[in-house]
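*Asks:* Input: one structure, supplied below.
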Amino acid sequence: MSAAAAQTAPPQPGAFVAVGDPGARAWGSADNGTTWTGATTSPNGSVQAVATDGAGNWVAVGDTGATAWRSIDNGATWTAATTPPNGVGYGVATDGAGNWVAVGDAGAFAWRSTDNGVNWTASTIGPNGTAFDVATDGLGNWVAVGNGGSLAWQSIDNGDTWFPAHAGPNGRPYDVATDGLGNWVAVGEAGAFAWTSTDNGDTWTSAATAPNNPAYGVATDGLGNWVAVSDSGTTAWRSTDNGANWTGATTPPNGTGNGVATDGAGNWVAVGTTGSLAWRSADNGVTWTAATTAPNGGSFDLAAARLLP
């Protein structure tokens, strides 16, 4: 066990961490999104994405400042990476086995870390365009989606080399998730707004019934439930058939939804940049309730304490 790993504390039940800009730039919730507290020591730049390994390590990436930071206290304090990515970071994921991958714009477009975000190394062969998000099934498959180039890429060596999808989404995907059972879902703007893949991101199919507005975040509990959030229209959608069809929330968030996460135990949280800035759902995205005390700034992404596929 590394020194960094030995210093981590197990995540607390109900812990969610959101990141964004401005305000504290990072916020934590220990009650499933009902109340939020700003970080005591925040990242020194605009933060675009965050992930956790479920073992106490949280890593965030961004587009200004150090571009990568880590926390071992559920988002209360953050430390800048010693060797950060050589470009802007928009998405980050981990397999829970010590491998972290970040993707973004400029530089290599993809970077790897094996010490919980302290140091980052550029991919040998990165995506051939801007990548907005990345996900892994924890079985060695990594998928990134983005704008420009192929729109979707695969890696089977923990993000060191990437190859383009043979048939990418027909629009601009912004977020991607997997249930670890072979199902991958991406959401975004233009085209169908939602796409599915069952071959680890090599080919993508447009959703039969998709959200009726651009979607910027998607998550799954690994139990058949998928939730996507949007910045207009209904602002939240759910699918129970691995992204093939989507139904609008009965009571959606009252503002822009940029990110969504679940702890896999029935709790879902969404964050955004307008309205209440944070909302929670206990019925797999059918109805949403605004946070009692929300982040004091717009949030772009969030992660839950339990490791998700």
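By order in the structure tokens, chains are A, B, ...; within a chain, residues start at 1; ligands start at 1, following the order shown.
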Please identify all polymer residues within 9 Å of segment 265-271 of chain A, counting only C-alpha atoms, omitting same-chain residues fewer than 6 positions from it, and present them as an MDAnalysis selection string.

*Replies:* chainID A and resid 14 16 18 32:33 217 221 227 229 236 253 255:259 277:285 288 295 298:304

*Asks:* Expressed in Å to a single decimal, how great is the separation between atom CA of Ala208 of chain A and atom CA of Thr196 of chain A?

*Replies:*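 If I compute the distance from atom CA of Ala208 of chain A to atom CA of Thr196 of chain A, I get 10.0 Å.
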
*Asks:* Do you have, as a tab-separated table, the list of residues of segment 168-245 of chain A lying at most 7 Å from segment 123-146 of chain A, each with its nearest atom pair and that distance in Å to one decimal, counting only C-alpha atoms and ordered by chain then number?

*Replies:*
residue	atom	partner	partner_atom	distance
A:Arg172	CA	A:Gly146	CA	6.5
A:Pro173	CA	A:Gly146	CA	5.5
A:Tyr174	CA	A:Phe132	CA	5.4
A:Asp175	CA	A:Asp133	CA	5.2
A:Val176	CA	A:Ala135	CA	6.2
A:Ala177	CA	A:Ala135	CA	5.7
A:Thr178	CA	A:Asp137	CA	6.2
A:Asp179	CA	A:Asp137	CA	7.0
A:Gly180	CA	A:Asp137	CA	4.4
A:Asn200	CA	A:Asn141	CA	6.7
A:Gly201	CA	A:Val143	CA	6.0

*Asks:* Just to be explicit: take each residue in the selection above, keep N, CA and C atoms, and write the result as a PDB file, in the first residue's frame.

*Replies:*
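See result.pdb below for the written result:
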ATOM      1  N   ARG A 172     -22.851  15.483 -30.638  1.00  0.00           N
ATOM      2  CA  ARG A 172     -21.721  15.874 -29.804  1.00  0.00           C
ATOM      3  C   ARG A 172     -21.920  15.347 -28.385  1.00  0.00           C
ATOM      4  N   PRO A 173     -21.319  14.196 -28.011  1.00  0.00           N
ATOM      5  CA  PRO A 173     -21.505  13.637 -26.672  1.00  0.00           C
ATOM      6  C   PRO A 173     -20.677  14.373 -25.616  1.00  0.00           C
ATOM      7  N   TYR A 174     -21.285  14.589 -24.448  1.00  0.00           N
ATOM      8  CA  TYR A 174     -20.608  15.281 -23.356  1.00  0.00           C
ATOM      9  C   TYR A 174     -20.326  14.392 -22.152  1.00  0.00           C
ATOM     10  N   ASP A 175     -21.059  13.303 -21.986  1.00  0.00           N
ATOM     11  CA  ASP A 175     -20.865  12.471 -20.811  1.00  0.00           C
ATOM     12  C   ASP A 175     -21.108  11.019 -21.191  1.00  0.00           C
ATOM     13  N   VAL A 176     -20.470  10.100 -20.458  1.00  0.00           N
ATOM     14  CA  VAL A 176     -20.609   8.678 -20.738  1.00  0.00           C
ATOM     15  C   VAL A 176     -20.580   7.906 -19.427  1.00  0.00           C
ATOM     16  N   ALA A 177     -21.328   6.805 -19.365  1.00  0.00           N
ATOM     17  CA  ALA A 177     -21.362   5.962 -18.178  1.00  0.00           C
ATOM     18  C   ALA A 177     -21.545   4.511 -18.608  1.00  0.00           C
ATOM     19  N   THR A 178     -21.192   3.594 -17.724  1.00  0.00           N
ATOM     20  CA  THR A 178     -21.382   2.173 -17.976  1.00  0.00           C
ATOM     21  C   THR A 178     -21.843   1.471 -16.715  1.00  0.00           C
ATOM     22  N   ASP A 179     -22.603   0.380 -16.898  1.00  0.00           N
ATOM     23  CA  ASP A 179     -23.062  -0.382 -15.746  1.00  0.00           C
ATOM     24  C   ASP A 179     -22.109  -1.511 -15.380  1.00  0.00           C
ATOM     25  N   GLY A 180     -21.013  -1.650 -16.115  1.00  0.00           N
ATOM     26  CA  GLY A 180     -20.066  -2.715 -15.849  1.00  0.00           C
ATOM     27  C   GLY A 180     -20.536  -4.071 -16.334  1.00  0.00           C
ATOM     28  N   ASN A 200     -18.293  -1.953 -25.914  1.00  0.00           N
ATOM     29  CA  ASN A 200     -17.263  -1.138 -25.273  1.00  0.00           C
ATOM     30  C   ASN A 200     -16.887   0.104 -26.068  1.00  0.00           C
ATOM     31  N   GLY A 201     -17.896   0.716 -26.669  1.00  0.00           N
ATOM     32  CA  GLY A 201     -17.692   1.993 -27.346  1.00  0.00           C
ATOM     33  C   GLY A 201     -17.218   1.933 -28.767  1.00  0.00           C
TER      34      GLY A 201
END

*Asks:* With only C-alpha atoms as the atoms that count, which of A:Ser113, A:Thr77, A:Ser46, A:Thr40 lies nearest to Gly297 of chain A?

*Replies:*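 Closest residue, counting only C-alpha atoms: A:Ser46.
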
*Asks:* Need the shell around segment 61-70 of chain A: protein/DNA/RNA residues with any atom at most 10 Å away, counting only C-alpha atoms. Skip same-chain ones fewer than 2 positions apart. Format as a VMD selection string?

*Replies:* chain A and resid 19 to 21 42 to 52 57 to 59 72 to 75 77 to 92 102 to 105 116 to 120

*Asks:* Write the residues of the preceding selection, restricted to C-alpha atoms, as a PDB file, in the first residue's frame.

*Replies:*
ATOM      1  CA  VAL A  19     -17.157  20.688  -8.234  1.00  0.00           C
ATOM      2  CA  GLY A  20     -17.479  23.791 -10.350  1.00  0.00           C
ATOM      3  CA  ASP A  21     -16.922  27.515 -10.569  1.00  0.00           C
ATOM      4  CA  SER A  42     -10.530  24.578  -2.584  1.00  0.00           C
ATOM      5  CA  PRO A  43      -8.920  23.839  -5.942  1.00  0.00           C
ATOM      6  CA  ASN A  44      -7.129  26.910  -7.301  1.00  0.00           C
ATOM      7  CA  GLY A  45      -8.959  26.941 -10.601  1.00  0.00           C
ATOM      8  CA  SER A  46     -12.195  26.190 -12.415  1.00  0.00           C
ATOM      9  CA  VAL A  47     -13.069  22.508 -11.859  1.00  0.00           C
ATOM     10  CA  GLN A  48     -14.867  20.512 -14.550  1.00  0.00           C
ATOM     11  CA  ALA A  49     -15.053  16.918 -13.251  1.00  0.00           C
ATOM     12  CA  VAL A  50     -14.548  14.720 -10.187  1.00  0.00           C
ATOM     13  CA  ALA A  51     -14.357  10.983  -9.455  1.00  0.00           C
ATOM     14  CA  THR A  52     -13.778   8.690  -6.476  1.00  0.00           C
ATOM     15  CA  ASN A  57      -9.578   9.102  -2.741  1.00  0.00           C
ATOM     16  CA  TRP A  58     -11.209  11.857  -4.790  1.00  0.00           C
ATOM     17  CA  VAL A  59      -9.629  13.395  -7.891  1.00  0.00           C
ATOM     18  CA  ILE A  72      -8.664  12.386   0.919  1.00  0.00           C
ATOM     19  CA  ASP A  73     -11.331  13.866   3.209  1.00  0.00           C
ATOM     20  CA  ASN A  74     -14.467  13.728   1.063  1.00  0.00           C
ATOM     21  CA  GLY A  75     -13.819  17.065  -0.586  1.00  0.00           C
ATOM     22  CA  THR A  77      -9.561  20.016   1.433  1.00  0.00           C
ATOM     23  CA  TRP A  78      -7.787  19.756  -1.915  1.00  0.00           C
ATOM     24  CA  THR A  79      -4.130  19.557  -2.935  1.00  0.00           C
ATOM     25  CA  ALA A  80      -2.866  20.435  -6.393  1.00  0.00           C
ATOM     26  CA  ALA A  81      -1.206  17.702  -8.426  1.00  0.00           C
ATOM     27  CA  THR A  82       2.582  17.709  -8.312  1.00  0.00           C
ATOM     28  CA  THR A  83       2.749  16.920 -12.030  1.00  0.00           C
ATOM     29  CA  PRO A  84      -0.605  17.891 -13.570  1.00  0.00           C
ATOM     30  CA  PRO A  85      -1.904  17.094 -17.063  1.00  0.00           C
ATOM     31  CA  ASN A  86      -0.253  19.140 -19.833  1.00  0.00           C
ATOM     32  CA  GLY A  87      -3.623  20.406 -20.998  1.00  0.00           C
ATOM     33  CA  VAL A  88      -7.168  21.197 -19.907  1.00  0.00           C
ATOM     34  CA  GLY A  89      -9.098  18.419 -18.121  1.00  0.00           C
ATOM     35  CA  TYR A  90     -12.825  17.907 -18.672  1.00  0.00           C
ATOM     36  CA  GLY A  91     -13.431  14.359 -17.444  1.00  0.00           C
ATOM     37  CA  VAL A  92     -11.884  11.850 -15.026  1.00  0.00           C
ATOM     38  CA  ALA A 102      -8.342  12.148 -17.297  1.00  0.00           C
ATOM     39  CA  VAL A 103      -9.364  13.516 -20.687  1.00  0.00           C
ATOM     40  CA  GLY A 104      -9.663  16.997 -22.076  1.00  0.00           C
ATOM     41  CA  ASP A 105      -8.611  19.641 -24.545  1.00  0.00           C
ATOM     42  CA  ASN A 116      -4.356   8.910  -6.918  1.00  0.00           C
ATOM     43  CA  GLY A 117      -3.830  12.066  -8.935  1.00  0.00           C
ATOM     44  CA  VAL A 118      -0.497  13.238  -7.532  1.00  0.00           C
ATOM     45  CA  ASN A 119       1.325  12.821 -10.850  1.00  0.00           C
ATOM     46  CA  TRP A 120       0.016  12.538 -14.401  1.00  0.00           C
TER      47      TRP A 120
END

*Asks:* When you draw a straight line from atom CA of Thr34 of chain A to atom CA of Pro252 of chain A, how long is it in Å?

*Replies:*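 Distance between the two atoms: 15.9 Å.
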
*Asks:* Measure the distance from atom CA of Ser239 of chain A to atom CA of Asn254 of chain A in Å and round it to one decimal.

*Replies:*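 Between atom CA of Ser239 of chain A and atom CA of Asn254 of chain A the gap is 20.1 Å.
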